[in-house]
file target36.csv (CSV, C-alpha atoms)
chain,number,residue,atom,x,y,z
K,4,MET,CA,22.7,-8.4,-10.1
K,5,LYS,CA,21.2,-6.9,-13.3
K,6,LYS,CA,18.2,-9.3,-13.0
K,7,LEU,CA,17.7,-8.3,-9.4
K,8,TRP,CA,17.7,-4.6,-10.2
K,9,ILE,CA,15.2,-5.1,-13.0
K,10,LEU,CA,13.0,-7.1,-10.7
K,11,LEU,CA,13.1,-4.4,-8.0
K,12,CYS,CA,12.3,-1.7,-10.6
K,13,LEU,CA,9.3,-3.7,-11.7
K,14,SER,CA,8.3,-4.2,-8.0
K,15,PHE,CA,8.6,-0.5,-7.5
K,16,PHE,CA,6.4,0.0,-10.6
K,17,PHE,CA,3.7,-2.3,-9.3
K,18,ILE,CA,3.9,-0.8,-5.9
K,19,LEU,CA,3.0,2.6,-7.5
K,20,CYS,CA,0.4,1.1,-9.9
K,21,GLY,CA,-1.1,-1.7,-7.8
K,22,CYS,CA,-1.3,-4.5,-10.2
K,23,GLU,CA,-3.1,-5.8,-5.2
K,24,ASP,CA,-2.8,4.3,20.8
K,25,ASN,CA,-3.1,7.6,18.8
K,26,ASN,CA,-4.5,10.9,20.2
K,27,SER,CA,-5.4,12.2,16.7
K,28,LYS,CA,-7.3,9.1,15.8
K,29,GLN,CA,-10.1,9.9,13.3
K,30,VAL,CA,-13.6,8.6,13.6
K,31,LEU,CA,-14.8,7.9,10.1
K,32,GLY,CA,-17.7,5.7,9.0
K,33,GLY,CA,-19.7,4.5,6.1
K,34,GLU,CA,-21.4,7.9,5.6
K,35,GLY,CA,-18.1,9.2,4.2
K,36,VAL,CA,-18.1,6.6,1.5
K,37,ILE,CA,-19.9,7.5,-1.8
K,38,ASN,CA,-21.2,4.8,-4.1
K,39,LEU,CA,-20.5,6.1,-7.6
K,40,ASN,CA,-22.6,3.5,-9.4
K,41,SER,CA,-25.7,5.4,-8.3
K,42,ARG,CA,-24.8,8.5,-10.2
K,43,ASN,CA,-24.0,9.7,-13.7
K,44,SER,CA,-20.9,11.9,-14.0
K,45,ASP,CA,-18.7,13.4,-16.7
K,46,SER,CA,-15.7,12.1,-14.6
K,47,ILE,CA,-16.6,8.4,-15.1
K,48,HIS,CA,-15.7,6.7,-18.3
K,49,ILE,CA,-16.5,3.0,-19.0
K,50,SER,CA,-15.0,0.9,-21.8
K,51,LYS,CA,-13.9,-2.6,-22.8
K,52,GLU,CA,-10.2,-1.6,-23.2
K,53,MET,CA,-7.6,-3.4,-21.0
K,54,ASN,CA,-4.6,-1.2,-21.8
K,55,GLU,CA,-3.0,-1.4,-18.3
K,56,LEU,CA,-3.3,-5.2,-18.2
K,57,LYS,CA,-1.8,-5.5,-21.7
K,58,THR,CA,1.1,-3.3,-20.7
K,59,ALA,CA,1.6,-5.3,-17.5
K,60,SER,CA,1.8,-8.5,-19.4
K,61,GLU,CA,4.4,-7.1,-21.8
K,62,VAL,CA,6.5,-5.7,-19.0
K,63,ALA,CA,6.5,-8.5,-16.5
K,64,GLU,CA,6.5,-12.3,-17.0
K,65,SER,CA,4.0,-14.3,-15.0
K,66,ASP,CA,2.9,-18.0,-15.1
K,67,VAL,CA,-0.6,-16.7,-14.4
K,68,PRO,CA,-2.0,-14.0,-16.7
K,69,PHE,CA,-2.9,-10.7,-15.1
K,70,THR,CA,-6.7,-10.3,-14.9
K,71,GLN,CA,-7.3,-7.2,-12.8
K,72,PHE,CA,-5.7,-3.8,-12.5
K,73,LYS,CA,-6.2,-1.3,-9.7
K,74,GLY,CA,-4.2,1.9,-10.1
K,75,PHE,CA,-4.0,5.6,-9.7
K,76,VAL,CA,-2.3,7.6,-12.4
K,77,PRO,CA,-1.7,11.3,-11.6
K,78,ASN,CA,-2.2,14.0,-14.3
K,79,LYS,CA,0.8,15.3,-16.1
K,80,LYS,CA,0.7,18.6,-14.3
K,81,ASN,CA,1.0,16.7,-11.0
K,82,SER,CA,3.6,14.3,-12.2
K,83,ASP,CA,7.4,14.5,-12.1
K,84,TYR,CA,10.2,11.9,-12.2
K,85,ILE,CA,13.5,11.1,-10.7
K,86,THR,CA,15.9,9.1,-12.9
K,87,ILE,CA,17.6,6.2,-11.1
K,88,LYS,CA,20.0,3.9,-13.0
K,89,GLY,CA,18.3,4.9,-16.3
K,90,GLU,CA,14.8,4.2,-14.9
K,91,ASP,CA,12.3,7.1,-14.5
K,92,ILE,CA,10.5,6.8,-11.1
K,93,LEU,CA,7.3,8.7,-10.7
K,94,TYR,CA,6.4,11.1,-7.9
K,95,VAL,CA,3.6,13.5,-7.4
K,96,LYS,CA,3.3,17.2,-6.6
K,97,PRO,CA,0.5,19.8,-6.2
K,98,VAL,CA,1.0,22.8,-8.5
K,99,ASP,CA,-1.8,25.2,-7.4
K,100,GLU,CA,-3.6,26.5,-4.3
K,101,PRO,CA,-5.4,24.8,-2.7
K,102,GLN,CA,-3.1,21.8,-2.6
K,103,ILE,CA,-4.7,19.3,-5.0
K,104,ILE,CA,-3.5,16.1,-6.8
K,105,SER,CA,-5.6,15.4,-9.8
K,106,GLY,CA,-5.5,12.1,-11.7
K,107,SER,CA,-7.4,9.0,-12.7
K,108,LEU,CA,-8.4,5.8,-10.8
K,109,ILE,CA,-8.1,3.1,-13.4
K,110,TYR,CA,-9.7,-0.3,-12.8
K,111,GLU,CA,-9.7,-3.1,-15.3
K,112,ASN,CA,-11.6,-6.3,-14.7
K,113,ASN,CA,-10.9,-9.1,-17.2
K,114,THR,CA,-12.9,-11.7,-15.3
K,115,LYS,CA,-16.4,-13.1,-15.3
K,116,ASN,CA,-17.1,-11.7,-11.8
K,117,PRO,CA,-17.8,-8.1,-10.8
K,118,MET,CA,-15.0,-6.2,-9.0
K,119,GLU,CA,-16.0,-3.6,-6.3
K,120,ILE,CA,-13.3,-1.2,-5.1
K,121,GLN,CA,-13.5,1.3,-2.2
K,122,SER,CA,-10.8,3.9,-3.0
K,123,LEU,CA,-8.9,5.4,0.0
K,124,PHE,CA,-6.0,7.8,0.0
K,125,LEU,CA,-3.7,8.6,3.0
K,126,GLN,CA,-1.3,11.5,3.4
K,127,GLY,CA,1.2,10.2,5.9
K,128,ASN,CA,-0.9,8.8,8.8
K,129,GLU,CA,-4.2,10.6,7.9
K,130,VAL,CA,-6.9,10.0,5.4
K,131,ALA,CA,-6.8,12.4,2.4
K,132,LYS,CA,-10.2,13.6,1.1
K,133,ILE,CA,-11.2,12.7,-2.5
K,134,LYS,CA,-13.8,13.8,-4.9
K,135,LEU,CA,-14.9,13.4,-8.6
K,136,SER,CA,-13.2,16.1,-10.6
K,137,SER,CA,-16.5,17.3,-12.0
K,138,GLU,CA,-18.0,17.7,-8.6
K,139,SER,CA,-17.4,19.9,-5.5
K,140,SER,CA,-18.0,17.7,-2.5
K,141,TYR,CA,-15.1,15.8,-0.9
K,142,HIS,CA,-15.4,12.4,0.7
K,143,ASN,CA,-13.4,9.9,2.7
K,144,ALA,CA,-13.6,7.2,0.0
K,145,LEU,CA,-15.2,6.5,-3.4
K,146,LYS,CA,-16.8,3.1,-4.1
K,147,TYR,CA,-17.4,1.7,-7.6
K,148,LYS,CA,-18.4,-1.8,-8.9
K,149,VAL,CA,-16.6,-2.7,-12.2
K,150,SER,CA,-18.7,-5.0,-14.4
K,151,PRO,CA,-17.1,-8.3,-15.8
K,152,PHE,CA,-14.8,-7.8,-18.8
K,153,SER,CA,-14.8,-4.1,-18.6
K,154,SER,CA,-12.7,-1.2,-17.4
K,155,VAL,CA,-13.5,2.2,-15.8
K,156,THR,CA,-11.5,5.5,-15.6
K,157,ILE,CA,-12.6,7.8,-12.8
K,158,GLU,CA,-11.2,11.4,-12.8
K,159,VAL,CA,-10.6,12.5,-9.2
K,160,ASP,CA,-9.1,15.3,-7.1
K,161,ILE,CA,-7.3,14.5,-3.9
K,162,LYS,CA,-6.9,17.2,-1.3
K,163,VAL,CA,-3.5,17.2,0.5
K,164,LYS,CA,-2.1,19.4,3.2
K,165,LYS,CA,0.7,21.8,2.4
K,166,HIS,CA,2.4,21.2,5.8
K,167,GLY,CA,1.4,17.5,5.9
K,168,GLU,CA,3.6,14.4,5.3
K,169,SER,CA,5.5,14.0,2.1
K,170,GLU,CA,3.9,10.8,1.0
K,171,LEU,CA,0.6,9.7,-0.6
K,172,THR,CA,-0.7,6.1,-0.1
K,173,PHE,CA,-3.4,4.7,-2.3
K,174,PHE,CA,-5.4,1.8,-0.9
K,175,PRO,CA,-7.9,0.4,-3.5
K,176,PHE,CA,-9.8,-1.8,-1.0
K,177,ASP,CA,-11.1,-4.7,-3.0
K,178,LEU,CA,-14.5,-5.7,-1.5
K,179,THR,CA,-14.8,-8.7,-3.8
K,180,ALA,CA,-11.3,-10.1,-3.4
K,181,SER,CA,-10.8,-13.5,-1.7
K,182,ASN,CA,-10.8,-13.3,2.1
K,183,ASP,CA,-7.1,-14.1,2.2
K,184,PHE,CA,-6.0,-11.5,-0.4
K,185,TYR,CA,-4.5,-9.1,2.1
K,186,ASN,CA,-1.9,-11.5,3.3
K,187,GLY,CA,1.2,-9.2,3.4
K,188,ALA,CA,2.7,-10.5,0.2
K,189,ASN,CA,0.4,-8.9,-2.5
K,190,ASN,CA,1.1,-5.5,-3.9
K,191,ALA,CA,-2.3,-4.3,-2.7
K,192,ILE,CA,-1.4,-0.6,-1.9
K,193,SER,CA,0.6,2.0,-3.7
K,194,ARG,CA,2.9,4.7,-2.2
K,195,PHE,CA,4.1,7.9,-3.9
K,196,TYR,CA,6.6,10.5,-2.8
K,197,LEU,CA,4.6,13.7,-2.4
K,198,ASP,CA,6.6,16.8,-3.0
K,199,VAL,CA,4.2,19.0,-1.0
K,200,ASN,CA,6.8,21.1,0.9
K,201,GLU,CA,9.3,21.7,-1.9
K,202,GLN,CA,12.1,21.0,0.5
K,203,GLY,CA,14.7,19.5,-1.8
K,204,LYS,CA,14.1,15.9,-2.7
K,205,GLY,CA,16.2,13.4,-1.0
K,206,SER,CA,18.2,15.7,1.2
K,207,HIS,CA,18.4,13.3,4.2
K,208,SER,CA,21.7,11.7,5.2
K,209,PHE,CA,22.7,8.7,3.2
K,210,LYS,CA,24.3,7.0,6.2
K,211,SER,CA,21.2,5.1,7.3
K,212,HIS,CA,20.6,4.0,3.7
K,213,SER,CA,24.1,2.7,2.8
K,214,PHE,CA,25.1,-0.9,2.9
K,215,SER,CA,26.9,-3.5,0.8
K,216,LEU,CA,26.5,-7.2,0.3
K,217,LYS,CA,29.1,-9.8,-0.8
K,218,GLN,CA,28.4,-11.7,-3.9
K,219,GLU,CA,27.6,-14.8,-1.9
K,220,GLU,CA,25.1,-12.8,0.2
K,221,MET,CA,23.4,-11.5,-3.0
K,222,GLU,CA,23.1,-15.0,-4.4
K,223,ASN,CA,21.5,-16.3,-1.2
K,224,ILE,CA,19.0,-13.6,-0.4
K,225,GLU,CA,15.7,-15.1,0.7
K,226,ASN,CA,13.7,-12.0,1.3
K,227,ILE,CA,14.4,-8.5,-0.1
K,228,PHE,CA,11.6,-7.1,2.0
K,229,PRO,CA,10.4,-7.8,5.6
K,230,LEU,CA,7.2,-9.7,4.8
K,231,PRO,CA,4.8,-9.9,7.8
K,232,TYR,CA,3.0,-12.8,9.4
K,233,TRP,CA,0.8,-13.1,12.5
K,234,VAL,CA,2.1,-14.7,15.7
K,235,ASP,CA,0.6,-15.8,19.0
K,236,SER,CA,1.6,-14.9,22.6
K,237,ASN,CA,4.6,-17.3,22.3
K,238,LYS,CA,5.7,-15.5,19.1
K,239,GLN,CA,4.8,-18.6,17.1
K,240,ASP,CA,3.3,-18.5,13.7
K,241,ILE,CA,-0.5,-18.9,13.6
K,242,LYS,CA,-2.1,-21.2,11.1
K,243,GLU,CA,-5.1,-20.0,9.1
K,244,VAL,CA,-8.2,-22.0,8.5
K,245,PHE,CA,-11.2,-21.4,6.1
K,246,LYS,CA,-14.7,-21.6,7.5
K,247,ASP,CA,-17.9,-20.4,5.9
K,248,ASN,CA,-15.7,-18.9,3.1
K,249,LYS,CA,-13.8,-16.7,5.6
K,250,VAL,CA,-10.3,-16.9,7.0
K,251,TYR,CA,-9.9,-17.5,10.8
K,252,MET,CA,-6.8,-17.9,12.9
K,253,LYS,CA,-6.4,-21.0,14.9
K,254,LYS,CA,-5.1,-19.0,17.9
K,255,ARG,CA,-5.6,-15.4,19.1
K,256,ILE,CA,-3.2,-12.9,17.5
K,257,SER,CA,-0.8,-11.2,19.9
K,258,GLY,CA,1.6,-9.6,17.5
K,259,LEU,CA,3.4,-9.5,14.1
K,260,LYS,CA,6.7,-10.9,12.9
K,261,LEU,CA,8.7,-9.6,10.0
K,262,MET,CA,10.9,-11.9,8.0
K,263,ALA,CA,14.7,-11.4,8.2
K,264,ILE,CA,16.2,-9.2,5.5
K,265,PRO,CA,19.9,-8.6,4.6
K,266,TYR,CA,20.1,-4.9,5.6
K,267,GLU,CA,19.0,-2.6,8.4
K,268,THR,CA,15.9,-0.3,8.2
K,269,LYS,CA,13.2,1.1,10.4
K,270,VAL,CA,9.4,0.6,9.9
K,271,ASP,CA,6.2,2.2,11.0
K,272,VAL,CA,3.2,0.0,11.6
K,273,LEU,CA,-0.3,1.5,11.2
K,274,LEU,CA,-3.7,0.0,12.1
K,275,VAL,CA,-6.2,1.0,9.4
K,276,ASP,CA,-9.8,0.1,9.0
K,277,GLU,CA,-11.9,0.1,5.8
K,278,PHE,CA,-13.0,3.7,6.3
K,279,GLY,CA,-9.6,5.2,6.9
K,280,ASN,CA,-9.5,5.3,10.7
K,281,ILE,CA,-5.8,5.1,11.7
K,282,SER,CA,-3.9,4.2,14.9
K,283,ILE,CA,-0.1,4.0,15.2
K,284,ILE,CA,1.0,0.6,16.4
K,285,ALA,CA,4.8,1.2,16.1
K,286,GLU,CA,7.0,4.0,14.9
K,287,ASN,CA,10.7,3.8,13.8
K,288,LYS,CA,10.9,0.2,14.8
K,289,GLY,CA,14.4,-1.0,14.1
K,290,ILE,CA,15.0,-4.0,12.0
K,291,SER,CA,18.4,-5.7,12.3
K,292,LYS,CA,20.2,-7.4,9.5
K,293,ASN,CA,19.4,-11.1,9.0
K,294,LYS,CA,17.1,-11.2,12.1
K,295,GLY,CA,13.4,-11.6,12.3
K,296,THR,CA,11.6,-8.7,14.0
K,297,TYR,CA,8.7,-9.1,16.5
K,298,ILE,CA,6.2,-6.3,16.9
K,299,PRO,CA,3.8,-6.7,19.8
K,300,ILE,CA,0.3,-5.3,19.8
K,301,GLU,CA,-1.1,-4.1,23.1
K,302,ASN,CA,-3.9,-6.1,24.7
K,303,HIS,CA,-6.4,-3.2,24.7
K,304,THR,CA,-5.8,-2.7,20.9
K,305,ILE,CA,-6.3,-6.4,20.3
K,306,LYS,CA,-9.5,-6.3,22.3
K,307,GLU,CA,-10.7,-3.3,20.3
K,308,ILE,CA,-10.0,-5.0,17.0
K,309,TYR,CA,-11.8,-8.2,18.1
K,310,ASN,CA,-14.8,-6.1,19.1
K,311,SER,CA,-14.9,-4.1,15.9
K,312,LYS,CA,-17.3,-4.8,13.1
K,313,GLN,CA,-15.0,-3.2,10.5
K,314,ARG,CA,-12.3,-5.0,8.6
K,315,GLN,CA,-8.9,-4.1,10.0
K,316,PHE,CA,-5.5,-4.1,8.4
K,317,LEU,CA,-1.9,-3.4,9.4
K,318,LEU,CA,0.2,-1.3,7.1
K,319,ILE,CA,4.0,-1.8,7.3
K,320,LEU,CA,6.0,1.1,5.8
K,321,ASN,CA,9.6,2.1,5.8
K,322,ASN,CA,11.5,5.1,4.3
K,323,ARG,CA,8.6,7.5,5.1
K,324,GLY,CA,8.2,10.6,3.1
K,325,GLU,CA,11.4,12.1,1.7
K,326,GLU,CA,13.3,9.1,2.7
K,327,MET,CA,11.8,7.3,-0.3
K,328,ILE,CA,13.8,9.6,-2.6
K,329,THR,CA,16.9,9.4,-0.4
K,330,ASP,CA,16.7,5.6,-0.8
K,331,LEU,CA,16.7,5.9,-4.6
K,332,ASN,CA,19.4,8.5,-4.7
K,333,ALA,CA,21.6,6.2,-2.5
K,334,VAL,CA,21.1,3.5,-5.2
K,335,ASN,CA,22.0,5.9,-7.9
K,336,GLN,CA,25.2,6.8,-6.1
K,337,ASP,CA,26.1,3.1,-5.6
K,338,MET,CA,25.8,3.4,-1.9
K,339,LYS,CA,23.5,0.3,-1.8
K,340,PRO,CA,22.9,-2.5,-4.3
K,341,PHE,CA,19.1,-2.0,-4.6
K,342,PRO,CA,16.2,0.2,-3.4
K,343,THR,CA,14.7,-0.9,-0.1
K,344,THR,CA,11.5,1.2,0.1
K,345,TYR,CA,8.8,-1.2,1.2
K,346,ASN,CA,5.1,-1.2,2.0
K,347,SER,CA,2.8,-4.0,2.8
K,348,ILE,CA,-0.7,-4.6,4.1
K,349,ILE,CA,-2.0,-7.6,6.1
K,350,GLU,CA,-5.6,-8.1,7.2
K,351,PHE,CA,-6.5,-9.0,10.8
K,352,HIS,CA,-8.6,-12.2,11.0
K,353,LYS,CA,-10.4,-13.2,14.1
K,354,SER,CA,-9.7,-16.5,15.8
K,355,LEU,CA,-12.0,-19.5,15.7
K,356,ASP,CA,-13.0,-19.1,19.4
K,357,SER,CA,-14.2,-15.6,18.7
K,358,LYS,CA,-16.3,-16.5,15.7
K,359,GLN,CA,-19.6,-14.7,15.9
call {"tool": "encode", "arguments": {"input": "target36.csv", "output": "structure tokens"}}
result
Amino acid sequence: MKKLWILLCLSFFFILCGCEDNNSKQVLGGEGVINLNSRNSDSIHISKEMNELKTASEVAESDVPFTQFKGFVPNKKNSDYITIKGEDILYVKPVDEPQIISGSLIYENNTKNPMEIQSLFLQGNEVAKIKLSSESSYHNALKYKVSPFSSVTIEVDIKVKKHGESELTFFPFDLTASNDFYNGANNAISRFYLDVNEQGKGSHSFKSHSFSLKQEEMENIENIFPLPYWVDSNKQDIKEVFKDNKVYMKKRISGLKLMAIPYETKVDVLLVDEFGNISIIAENKGISKNKGTYIPIENHTIKEIYNSKQRQFLLILNNRGEEMITDLNAVNQDMKPFPTTYNSIIEFHKSLDSKQ
């Protein structure tokens, strides 16, 4: 049990640090993405230090050494902590008007190939504007190419809404990652509780967060989190194939399946493209204990995705907003054996018969 708790705390750490039909739909494009390599700025600092990779190697054991780090670290004035089972869990908060979260994008690239990252932030289900701390203009995303065997620290400000959702999601979209990187299993996005409304952290009912497992169940857990995979119209798993260095699906995607988990929860599923345009696929979708969950995608949405020239992703999120803190408090009060806050991202790949 202790090893499982340590593993989940480490997973929560890497979730935060990233070591990988909607009426309010936004229409964002490439013009909102700023290439930082084309400008000099006091907010951009380049070095050869790999401090985050070194720390990650000391904290977590891995058969394969960590070679890249993609994280957001808020400034001290925007950082606070909740202590759960002796572990300090970070959350973020604005302290001044207007509502701004300041911090640093930290990218470390200990490989022989360049790493290009397009940084997006979401507050709830909307894109949050971002800018260099030394500049005044906000953008939808910041793009930067990190040279081989180097690191960069980029000082940024993120504009959040005082009456917006109480969570901040960081999506460091890796333009140079392998085409199958966003497969639902990598820690490719980070999610922070955002104390924007000062409503009293974790005040929700513990009832929906409470569960217990027998020792035998704990020993036989296959999946702590509901990992996603694509399915066809018959709800069958779709095999992937590589062609021209890209991933394609053997059949047309009709929906998503989530693996069975040993507790109940509810998830939201968001369709997000590389520029931060967001549509809601499902809200408060119930997941039953020890049962796989099917999430259909409407035909008109599938058609739009297939016709789009942008890369498309599904974000799967549970414990939205303040529920993230309630989840941790439930663990602290021994009302559940481990935290269950989960986020995942899986990329939509076109089928072979739709290959352009």
call {"tool": "residues_around", "arguments": {"input": "target36.csv", "residues": "Ala285 (chain K)", "least_positions_apart": "4", "cutoff": "10 Å", "atoms": "all atoms listed in the file", "output": "ChimeraX atom specification"}}
result
/K:24,270-274,298-300,319
call {"tool": "residues_around", "arguments": {"input": "target36.csv", "residues": "region 348-358 of chain K", "least_positions_apart": "5", "cutoff": "8 Å", "atoms": "all atoms listed in the file", "output": "list in words"}}
result
Asp183, Tyr185, Asn186, Gly187, Ala188, Asn189, Ala191, Ile192, Pro231, Tyr232, Val250, Tyr251, Met252, Lys253, Lys254, Arg255, Ile256, Tyr309, Arg314, Gln315, Phe316, Leu317, Leu318 and Ile319 of chain K
call {"tool": "residues_around", "arguments": {"input": "target36.csv", "residues": "Phe195 (chain K)", "least_positions_apart": "6", "cutoff": "6 Å", "atoms": "only C-alpha atoms", "output": "CSV table (one decimal) with C-alpha atoms, in the frame of the given file"}}
result
chain,number,residue,atom,x,y,z
K,94,TYR,CA,6.4,11.1,-7.9
K,170,GLU,CA,3.9,10.8,1.0
K,171,LEU,CA,0.6,9.7,-0.6
call {"tool": "atom_distance", "arguments": {"input": "target36.csv", "atom1": "CA of Glu222 (chain K)", "atom2": "CA of Leu259 (chain K)"}}
result
27.6 Å
call {"tool": "closest_residue", "arguments": {"input": "target36.csv", "among": "K:Phe75, K:Leu230, K:Tyr110, K:Val36", "to": "Tyr141 (chain K)", "atoms": "only C-alpha atoms"}}
result
K:Val36
call {"tool": "atom_distance", "arguments": {"input": "target36.csv", "atom1": "CA of Asn81 (chain K)", "atom2": "CA of Ser153 (chain K)"}}
result
27.2 Å
call {"tool": "residues_around", "arguments": {"input": "target36.csv", "residues": "Asn113 (chain K)", "least_positions_apart": "5", "cutoff": "9 Å", "atoms": "only C-alpha atoms", "output": "short mmCIF file (atom, residue, chain, number, x, y, z; two decimals) with C-alpha atoms, in the coordinates of the input"}}
result
data_model
loop_
_atom_site.label_atom_id
_atom_site.label_comp_id
_atom_site.auth_asym_id
_atom_site.auth_seq_id
_atom_site.Cartn_x
_atom_site.Cartn_y
_atom_site.Cartn_z
CA MET K 53 -7.60 -3.40 -21.00
CA LEU K 56 -3.30 -5.20 -18.20
CA PHE K 69 -2.90 -10.70 -15.10
CA THR K 70 -6.70 -10.30 -14.90
CA GLN K 71 -7.30 -7.20 -12.80
CA PHE K 72 -5.70 -3.80 -12.50
CA PRO K 151 -17.10 -8.30 -15.80
CA PHE K 152 -14.80 -7.80 -18.80
CA SER K 153 -14.80 -4.10 -18.60
CA SER K 154 -12.70 -1.20 -17.40
#
call {"tool": "atom_distance", "arguments": {"input": "target36.csv", "atom1": "CA of Ile290 (chain K)", "atom2": "CA of Asn182 (chain K)"}}
result
29.2 Å
call {"tool": "closest_residue", "arguments": {"input": "target36.csv", "among": "K:Lys312, K:Lys269, K:Lys165, K:Lys96", "to": "Ser291 (chain K)", "atoms": "all atoms listed in the file"}}
result
K:Lys269
call {"tool": "closest_residue", "arguments": {"input": "target36.csv", "among": "K:Ser193, K:Asn40, K:Thr58, K:Asn280", "to": "Glu129 (chain K)", "atoms": "all atoms listed in the file"}}
result
K:Asn280
call {"tool": "residues_around", "arguments": {"input": "target36.csv", "residues": "Ile157 (chain K)", "least_positions_apart": "3", "cutoff": "8 Å", "atoms": "only C-alpha atoms", "output": "list in words"}}
result
Ser46, Ile47, His48, Ser107, Leu108, Ile109 and Leu135 of chain K
call {"tool": "closest_residue", "arguments": {"input": "target36.csv", "among": "K:Val62, K:Ile85, K:Leu261, K:Val199", "to": "Lys164 (chain K)", "atoms": "all atoms listed in the file"}}
result
K:Val199
call {"tool": "residues_near_point", "arguments": {"input": "target36.csv", "point": "(16.7, -11.9, 9.4)", "cutoff": "9 Å", "atoms": "all atoms listed in the file", "output": "list in words"}}
result
Asn226, Pro229, Leu261, Met262, Ala263, Ile264, Pro265, Tyr266, Ile290, Ser291, Lys292, Asn293, Lys294, Gly295 and Thr296 of chain K
